[in-house]
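For reference, the structure discussed in these notes is given below.
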Protein chains: 2
Amino acid sequence: MSGDPTQSFRDLIRRRLSSEAFDPRRPVGDDQIRALVADACEAPSSFNIQHWRFIAVRDAEARRRLCAAAFDQRQIMDAPVTFIVLGDCEGIDRLPEVMQRAVDEAVLPAGKAEAWQRLAKQIYETPQLARDEALRSASLAAMVMMLSAEAHGLASGPLIGFDAPRVKSEFHIADRFEPVMLLVVGYPIGGPASRKPRLTVDEVLVHDDGADL
Amino acid sequence: MSGDPTQSFRDLIRRRLSSEAFDPRRPVGDDQIRALVADACEAPSSFNIQHWRFIAVRDAEARRRLCAAAFDQRQIMDAPVTFIVLGDCEGIDRLPEVMQRAVDEAVLPAGKAEAWQRLAKQIYETPQLARDEALRSASLAAMVMMLSAEAHGLASGPLIGFDAPRVKSEFHIADRFEPVMLLVVGYPIGGPASRKPRLTVDEVLVHDDGADL
């Protein structure tokens with residue numbers, strides 16, 4: 001970032017607000033969607049498994065079905081695209097391939113890749129840990145996507161109010177994937193959203209001992 | 001951001017890598033820690049509940065205990081601070097107060113605040129949904145903190161390999177809080193970390209139908 005990167009970043013994250021009002025007449029193109037996804041993929045993930053997957057819902061009929069499965073939150077109909085952000089609860093399946101690519105690119109020694117695979121298998125054979133990581137990784141990617149949208153002049157609105165089983169069935173999503181969040185994206189309309197006040201640093205931060213929370 | 005904000009942001013997220021090597025001689029000060037936490041708090045959260053809490057572990061003896069509970073991952077001893085990022089599974093308790101502040105600041109109409117509270121209570125009386133949201137919100141905040149560290153010239157390394165019950169007991173963390181991630185922060189040492197290759201956009205994105213995943 002040019003200028004003062006600290007200030008620039010702080011401006012970006014303070015400008016990003018969760019929008020509920022999108023301009024239905026301004027489309028978001030293929031290139032923009034791909035750029036947002038590419039940025040989201042820069043998030044870190046456990047063992048670089050990259051548990052995130054994205055369904056870009058753009059077709060009007062598909063948006064209607066998604067809207068109905070999300071308590072009729074109207075912004076899904078107004079905005080040109082809503083991402084269903086998924087976490088892969090069986091992401092460990094992809095690990096050998098992911099590791100091989102890192103070894104091929106010479107950014108991971110083969111011995112370390114093998115050790116990582118053994119360790120990852122141990123951890124993620126516990127279904128709850130596997131699901132937790134799917135939620136975590138998909139959330140990290142979604143956060144980068146929201147900031148990326150802001151940097152691209154777009155607005156975004158994360159939604160967690162939806163009927164997950166219905167979304168899975170309507171969109172033919174395999175059991176292994178957990179819908180972690182819907183992310184509505186488009187151009188803002190009707191003035192900026194209002195920033196909700198945040199807890200102060202002293203209300204959320206303690207030092208060295210959790211008893212002070 | 002000055003210059004081309006899209007390019008600046010893309011540079012920032014590509015520069016951020018998960019570091020394992022930190023300079024033990026370079027401290028991170030109180031002001032830096034508070035700035036990172038303040039930035040993290042700009043993440044969105046369900047109903048603005050702000051489920052995130054942070055324990056900044058800096059004291060040498062506390063770091064030793066944390067390191068031992070995290071499979072002796074040495075970077076916790078090297079780095080000047082490791083944040084235990086917590087999610088509040090009973091975050092709903094704070095909602096009346098959070099809503100009141102938004103109403104007082106005139107960014108939320110009182111009627112909407114009441115409707116939100118009823119809806120949030122319905123959703124989060126289900127323990128799994130409450131825990132999911134704690135994981136999600138804490139992860140969103142952690143992602144902003146990692147990018148903030150990068151913007152501040154610091155390096156960070158997220159760790160999910162730790163013994164959660166032991167961390168809770170060692171740091172006197174109340175049951176309601178779930179340790180979602182450890183985030184090691186300090187100045188990098190020994191050359192940049194290597195960027196692990198990412199899946200391509202075509203491998204993680206589909207349109208309108210999850211059957212294509």
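Ordering of the structure tokens sets the chain letters (A, B, ...); residue numbers start at 1 within each chain; ligands are numbered from 1 in the order shown.
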
Note to self: Give me, as a list in words, all polymer residues having an atom no more than 7 Å from Ala138 in chain A, counting only C-alpha atoms and skipping those fewer than 2 positions away in the same chain.
What the structure shows: His51, Trp52, Val85, Leu86, Gly87, Ala134, Leu135, Arg136, Leu140, Ala141, Ala142 and Val180 of chain A

Could I get chain B fitted onto chain A (least squares, all C-alpha atoms, in order) as a CSV table (one decimal) with C-alpha atoms, in the first residue's frame?
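Writing done, so here's result.csv:
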chain,number,residue,atom,x,y,z
B,1,MET,CA,0.0,0.0,0.1
B,2,SER,CA,1.3,3.4,-0.8
B,3,GLY,CA,1.2,6.3,1.7
B,4,ASP,CA,1.0,5.2,5.4
B,5,PRO,CA,-0.1,1.5,5.1
B,6,THR,CA,-1.3,1.5,8.7
B,7,GLN,CA,-3.6,4.4,8.1
B,8,SER,CA,-4.7,3.2,4.7
B,9,PHE,CA,-5.7,-0.2,6.1
B,10,ARG,CA,-7.5,1.4,9.1
B,11,ASP,CA,-9.5,3.5,6.6
B,12,LEU,CA,-10.4,0.5,4.6
B,13,ILE,CA,-11.7,-1.6,7.6
B,14,ARG,CA,-13.6,1.4,9.0
B,15,ARG,CA,-15.2,2.1,5.6
B,16,ARG,CA,-16.4,-1.5,5.3
B,17,LEU,CA,-19.8,-1.7,6.7
B,18,SER,CA,-22.4,-4.5,6.5
B,19,SER,CA,-24.8,-3.3,3.8
B,20,GLU,CA,-28.4,-4.1,3.4
B,21,ALA,CA,-29.2,-2.0,0.4
B,22,PHE,CA,-27.8,-2.8,-3.0
B,23,ASP,CA,-28.4,-1.2,-6.4
B,24,PRO,CA,-30.4,-3.8,-8.5
B,25,ARG,CA,-29.4,-2.1,-11.8
B,26,ARG,CA,-25.7,-2.4,-11.4
B,27,PRO,CA,-24.3,-5.8,-12.3
B,28,VAL,CA,-21.1,-7.4,-10.9
B,29,GLY,CA,-19.2,-9.0,-13.7
B,30,ASP,CA,-17.4,-12.4,-14.0
B,31,ASP,CA,-14.0,-10.7,-13.7
B,32,GLN,CA,-15.1,-9.0,-10.4
B,33,ILE,CA,-16.4,-12.2,-9.0
B,34,ARG,CA,-13.2,-14.1,-9.8
B,35,ALA,CA,-11.1,-11.3,-8.4
B,36,LEU,CA,-13.0,-11.4,-5.1
B,37,VAL,CA,-12.6,-15.2,-4.9
B,38,ALA,CA,-8.9,-15.0,-5.8
B,39,ASP,CA,-8.4,-12.5,-2.9
B,40,ALA,CA,-10.4,-14.6,-0.5
B,41,CYS,CA,-8.2,-17.6,-1.3
B,42,GLU,CA,-5.2,-15.7,0.1
B,43,ALA,CA,-6.5,-16.3,3.7
B,44,PRO,CA,-4.5,-18.8,5.7
B,45,SER,CA,-5.9,-22.2,6.5
B,46,SER,CA,-4.9,-25.2,8.7
B,47,PHE,CA,-2.1,-27.1,6.8
B,48,ASN,CA,-3.1,-25.0,3.8
B,49,ILE,CA,-6.0,-27.3,3.2
B,50,GLN,CA,-8.1,-24.3,2.0
B,51,HIS,CA,-11.5,-25.6,3.2
B,52,TRP,CA,-13.4,-22.7,1.5
B,53,ARG,CA,-15.6,-23.2,-1.5
B,54,PHE,CA,-17.9,-20.6,-3.1
B,55,ILE,CA,-21.2,-20.8,-4.9
B,56,ALA,CA,-21.8,-17.5,-6.7
B,57,VAL,CA,-25.6,-17.2,-6.9
B,58,ARG,CA,-26.5,-14.8,-9.8
B,59,ASP,CA,-29.3,-16.3,-11.8
B,60,ALA,CA,-32.6,-14.7,-10.9
B,61,GLU,CA,-34.4,-17.9,-10.3
B,62,ALA,CA,-31.5,-19.2,-8.1
B,63,ARG,CA,-31.6,-16.0,-6.1
B,64,ARG,CA,-35.3,-16.4,-5.5
B,65,ARG,CA,-34.7,-19.8,-4.1
B,66,LEU,CA,-31.8,-18.6,-1.9
B,67,CYS,CA,-33.9,-15.6,-0.7
B,68,ALA,CA,-36.7,-17.9,0.3
B,69,ALA,CA,-34.3,-20.1,2.3
B,70,ALA,CA,-32.9,-17.0,4.0
B,71,PHE,CA,-36.1,-15.7,5.6
B,72,ASP,CA,-36.9,-13.5,2.6
B,73,GLN,CA,-34.0,-11.1,3.3
B,74,ARG,CA,-34.7,-8.9,0.3
B,75,GLN,CA,-31.1,-7.8,-0.4
B,76,ILE,CA,-30.5,-11.2,-1.9
B,77,MET,CA,-33.0,-10.3,-4.7
B,78,ASP,CA,-31.6,-6.8,-5.1
B,79,ALA,CA,-27.9,-7.6,-5.2
B,80,PRO,CA,-26.5,-9.0,-8.4
B,81,VAL,CA,-24.6,-11.8,-6.6
B,82,THR,CA,-24.8,-13.6,-3.2
B,83,PHE,CA,-22.0,-16.0,-2.4
B,84,ILE,CA,-22.8,-19.1,-0.4
B,85,VAL,CA,-19.5,-19.5,1.5
B,86,LEU,CA,-18.9,-23.2,2.3
B,87,GLY,CA,-16.5,-25.0,4.6
B,88,ASP,CA,-15.3,-28.4,3.6
B,89,CYS,CA,-15.6,-30.7,6.7
B,90,GLU,CA,-13.6,-33.4,4.8
B,91,GLY,CA,-11.0,-31.0,3.5
B,92,ILE,CA,-8.3,-33.4,4.7
B,93,ASP,CA,-9.1,-35.4,1.6
B,94,ARG,CA,-7.4,-32.8,-0.5
B,95,LEU,CA,-4.3,-32.6,1.7
B,96,PRO,CA,-2.0,-35.0,-0.3
B,97,GLU,CA,-2.6,-33.0,-3.5
B,98,VAL,CA,-2.2,-29.6,-1.8
B,99,MET,CA,1.0,-30.8,-0.1
B,100,GLN,CA,2.3,-32.2,-3.4
B,101,ARG,CA,1.9,-28.8,-5.1
B,102,ALA,CA,3.8,-27.1,-2.3
B,103,VAL,CA,6.6,-29.7,-2.6
B,104,ASP,CA,6.6,-29.2,-6.4
B,105,GLU,CA,7.0,-25.5,-6.0
B,106,ALA,CA,9.8,-26.1,-3.5
B,107,VAL,CA,8.1,-24.1,-0.7
B,108,LEU,CA,7.7,-27.2,1.5
B,109,PRO,CA,10.3,-29.9,2.1
B,110,ALA,CA,9.0,-33.4,1.3
B,111,GLY,CA,9.8,-34.6,4.8
B,112,LYS,CA,7.8,-31.8,6.4
B,113,ALA,CA,4.9,-32.5,4.0
B,114,GLU,CA,4.8,-36.1,5.2
B,115,ALA,CA,4.9,-35.1,8.9
B,116,TRP,CA,2.2,-32.5,8.3
B,117,GLN,CA,0.0,-35.1,6.7
B,118,ARG,CA,0.3,-37.5,9.6
B,119,LEU,CA,-0.4,-34.8,12.1
B,120,ALA,CA,-3.4,-33.4,10.2
B,121,LYS,CA,-4.9,-36.8,9.9
B,122,GLN,CA,-4.6,-37.3,13.7
B,123,ILE,CA,-6.3,-33.9,14.3
B,124,TYR,CA,-9.1,-34.1,11.7
B,125,GLU,CA,-10.2,-37.6,12.3
B,126,THR,CA,-12.3,-36.0,15.1
B,127,PRO,CA,-15.4,-34.8,13.3
B,128,GLN,CA,-15.9,-31.8,15.6
B,129,LEU,CA,-12.4,-30.5,15.0
B,130,ALA,CA,-12.9,-31.0,11.2
B,131,ARG,CA,-16.1,-29.0,11.3
B,132,ASP,CA,-14.6,-26.3,13.5
B,133,GLU,CA,-11.8,-25.9,11.0
B,134,ALA,CA,-14.2,-25.7,8.1
B,135,LEU,CA,-16.1,-22.9,9.9
B,136,ARG,CA,-12.9,-21.1,10.8
B,137,SER,CA,-11.2,-21.3,7.4
B,138,ALA,CA,-14.3,-20.3,5.5
B,139,SER,CA,-14.8,-17.4,7.9
B,140,LEU,CA,-11.2,-16.2,7.4
B,141,ALA,CA,-11.8,-16.3,3.6
B,142,ALA,CA,-15.1,-14.5,3.9
B,143,MET,CA,-13.5,-11.7,5.9
B,144,VAL,CA,-10.9,-11.2,3.2
B,145,MET,CA,-13.6,-11.2,0.6
B,146,MET,CA,-15.6,-8.5,2.4
B,147,LEU,CA,-12.5,-6.3,2.6
B,148,SER,CA,-11.7,-7.1,-1.1
B,149,ALA,CA,-15.2,-6.0,-2.1
B,150,GLU,CA,-14.7,-2.7,-0.3
B,151,ALA,CA,-11.3,-2.2,-2.0
B,152,HIS,CA,-13.1,-2.8,-5.3
B,153,GLY,CA,-15.7,-0.2,-4.6
B,154,LEU,CA,-18.4,-2.8,-3.9
B,155,ALA,CA,-20.5,-3.3,-0.8
B,156,SER,CA,-21.1,-6.5,1.0
B,157,GLY,CA,-23.4,-7.9,3.7
B,158,PRO,CA,-22.7,-11.1,5.6
B,159,LEU,CA,-25.9,-13.1,6.5
B,160,ILE,CA,-26.0,-15.9,9.0
B,161,GLY,CA,-29.8,-16.1,9.2
B,162,PHE,CA,-30.7,-18.9,6.7
B,163,ASP,CA,-32.1,-22.4,6.8
B,164,ALA,CA,-28.9,-24.4,6.3
B,165,PRO,CA,-30.5,-27.8,5.4
B,166,ARG,CA,-32.7,-26.0,2.9
B,167,VAL,CA,-29.9,-24.2,1.3
B,168,LYS,CA,-28.0,-27.5,1.0
B,169,SER,CA,-30.9,-29.2,-0.6
B,170,GLU,CA,-31.9,-26.3,-2.9
B,171,PHE,CA,-28.4,-26.0,-4.2
B,172,HIS,CA,-27.5,-29.7,-4.3
B,173,ILE,CA,-24.6,-29.2,-1.9
B,174,ALA,CA,-22.9,-32.4,-0.8
B,175,ASP,CA,-23.0,-33.3,2.9
B,176,ARG,CA,-19.3,-32.7,3.4
B,177,PHE,CA,-19.8,-29.0,2.9
B,178,GLU,CA,-21.2,-26.7,5.6
B,179,PRO,CA,-22.8,-23.4,4.5
B,180,VAL,CA,-20.9,-21.0,6.8
B,181,MET,CA,-22.3,-17.7,5.7
B,182,LEU,CA,-24.1,-16.0,2.9
B,183,LEU,CA,-22.3,-12.9,1.5
B,184,VAL,CA,-24.4,-10.5,-0.5
B,185,VAL,CA,-22.3,-8.4,-2.9
B,186,GLY,CA,-23.1,-5.5,-5.1
B,187,TYR,CA,-23.0,-1.7,-5.5
B,188,PRO,CA,-24.4,0.2,-2.5
B,189,ILE,CA,-27.5,2.4,-2.9
B,190,GLY,CA,-29.3,4.9,-0.7
B,191,GLY,CA,-26.4,6.3,1.2
B,192,PRO,CA,-23.8,4.6,3.4
B,193,ALA,CA,-24.8,2.0,6.0
B,194,SER,CA,-24.3,3.2,9.5
B,195,ARG,CA,-21.4,1.9,11.5
B,196,LYS,CA,-22.6,0.1,14.7
B,197,PRO,CA,-20.6,1.2,17.8
B,198,ARG,CA,-17.9,-1.3,18.9
B,199,LEU,CA,-17.0,-2.4,22.4
B,200,THR,CA,-13.9,-0.6,23.5
B,201,VAL,CA,-10.4,-2.2,23.5
B,202,ASP,CA,-10.6,-2.4,27.3
B,203,GLU,CA,-13.8,-4.3,27.2
B,204,VAL,CA,-12.4,-7.1,24.9
B,205,LEU,CA,-8.7,-7.3,25.9
B,206,VAL,CA,-7.0,-8.7,29.0
B,207,HIS,CA,-3.4,-9.5,29.6
B,208,ASP,CA,-2.0,-12.9,30.5
B,209,ASP,CA,-5.0,-14.2,32.5
B,210,GLY,CA,-8.5,-14.9,31.3
B,211,ALA,CA,-10.0,-14.5,34.8
B,212,ASP,CA,-9.9,-10.8,34.1
B,213,LEU,CA,-12.4,-11.1,31.2

DSSP says strand (DSSP E) for which residues of chain A? Put them as JSON, numbers by chain?
{"A": [52, 53, 54, 55, 56, 57, 81, 82, 83, 84, 85, 86, 87, 88, 155, 156, 157, 158, 159, 177, 178, 179, 180, 181, 182, 183, 184, 185, 186, 205, 206, 207]}

- Message: Can you pull out every residue from chain A that DSSP, working from the backbone, puts in alpha helix (DSSP H), and format the result as a count of residues only?
- Response: 96
